[in-house]
Amino acid sequence: MYETLKCAVLRTIKYDDRRSIVTAWSMERGRVSLLVPAGASREARRRRALMMPLGLFEGEADIRPGRELLSIRDVRPLRVLPDLSSNPVKAVVAMFLSEVLERVLREAAPDPLLSSYIFDAVELLDSLSNGPGIANFPLVFLYKLGRFTGIEPDSGSWRPGYVFDMNGGIFRPTAPTAGRWLEADEAEFVRLLDRLSFASAARLRLPRALRRRALDMLLEYYTLHHARLSELKSLPVVQEIF
């Protein structure tokens, strides 16, 4: 049975000389693995262009009981993203975030709210002008992703001078006896991230050192709760640019 899947690309690897495996997040079925024809034809080049990191496409997947690797046909753009492929800075951000999502989103179950968040964020990234909006985009995206992955910090527990308990995801008056925590000054920055939107982040000019430290904190937080993110292949490139 063929079913239309709307997908965001997380990873593409070569399967053999004629096919690639695309790991994607789909609106209809959550995480899926798709067997996509490769080659050197014009049609193959068109498909490869759609399979860039965080590329949004739809196609007809052959759904069969017990089969985890799905064949897909009639692949076509879901949303037009001209800047994501032509702007090298945005392409690096997309590569980085797709790598994070591939490691964090391990469950196959569909999640309409999470899907809408990812797809809308990709479209927003494509539309941003160069500047703080792009530089701060990974910080806001990762922080807000925590809401959908069950690790959003409890911002209501924040008070001036409190530390942030990274294992518990809460602010505390004193450091916990075990686990990782952030001192009050860095805990206050967690509070700032909670209050940021993509729109307000586009107007916020952060010192480079602070932005890099904030990204390190977020990756450590995800590592504690989901998957190891300290060895992402795209991380050094993101750190170099931003």
# chains A, B, ... in the order shown; residues from 1 in each chain; ligands from 1

$ select_by_dssp --residues "segment 60-241 of chain A" --states "helix (DSSP H, G or I)" --output "ChimeraX atom specification"
/A:82-86,88-104,112-127,132-149,155-157,184-195,198-201,208-225,235-241

$ closest_atom_pairs --of "segment 32-139 of chain A" --to "segment 217-240 of chain A" --cutoff "9 Å" --atoms "only C-alpha atoms" --output "Markdown table"
| residue | atom | partner | partner_atom | distance |
| --- | --- | --- | --- | --- |
| A:Val89 | CA | A:Val238 | CA | 8.8 |
| A:Val92 | CA | A:Val238 | CA | 6.7 |
| A:Val93 | CA | A:Val238 | CA | 7.0 |
| A:Met95 | CA | A:Ser234 | CA | 6.7 |
| A:Phe96 | CA | A:Ser234 | CA | 5.3 |
| A:Leu97 | CA | A:Ser234 | CA | 9.0 |
| A:Glu99 | CA | A:Leu232 | CA | 7.1 |
| A:Val100 | CA | A:Leu229 | CA | 7.1 |
| A:Arg103 | CA | A:Ala227 | CA | 6.3 |
| A:Val104 | CA | A:His226 | CA | 6.1 |
| A:Leu105 | CA | A:His226 | CA | 8.9 |
| A:Leu139 | CA | A:Leu218 | CA | 7.6 |

$ residues_around --residues "segment 164-167 of chain A" --least-positions-apart "4" --cutoff "7 Å" --atoms "only C-alpha atoms" --output "ChimeraX atom specification"
/A:171-172,176,179-183,187,221,224

$ closest_atom_pairs --of "segment 43-128 of chain A" --to "segment 199-214 of chain A" --cutoff "12 Å" --atoms "only C-alpha atoms" --output "JSON lines"
{"residue": "A:Ala121", "atom": "CA", "partner": "A:Ala199", "partner_atom": "CA", "distance": 11.6}
{"residue": "A:Leu124", "atom": "CA", "partner": "A:Ala199", "partner_atom": "CA", "distance": 10.0}
{"residue": "A:Leu125", "atom": "CA", "partner": "A:Ala202", "partner_atom": "CA", "distance": 10.9}
{"residue": "A:Ser127", "atom": "CA", "partner": "A:Ala202", "partner_atom": "CA", "distance": 11.9}
{"residue": "A:Leu128", "atom": "CA", "partner": "A:Ala202", "partner_atom": "CA", "distance": 8.5}

$ select_by_dssp --residues "segment 29-242 of chain A" --states "strand (DSSP E or B)" --output "PyMOL selection string"
chain A and resi 30-37+56-62+69-77+154+163-165+170-172+181-182
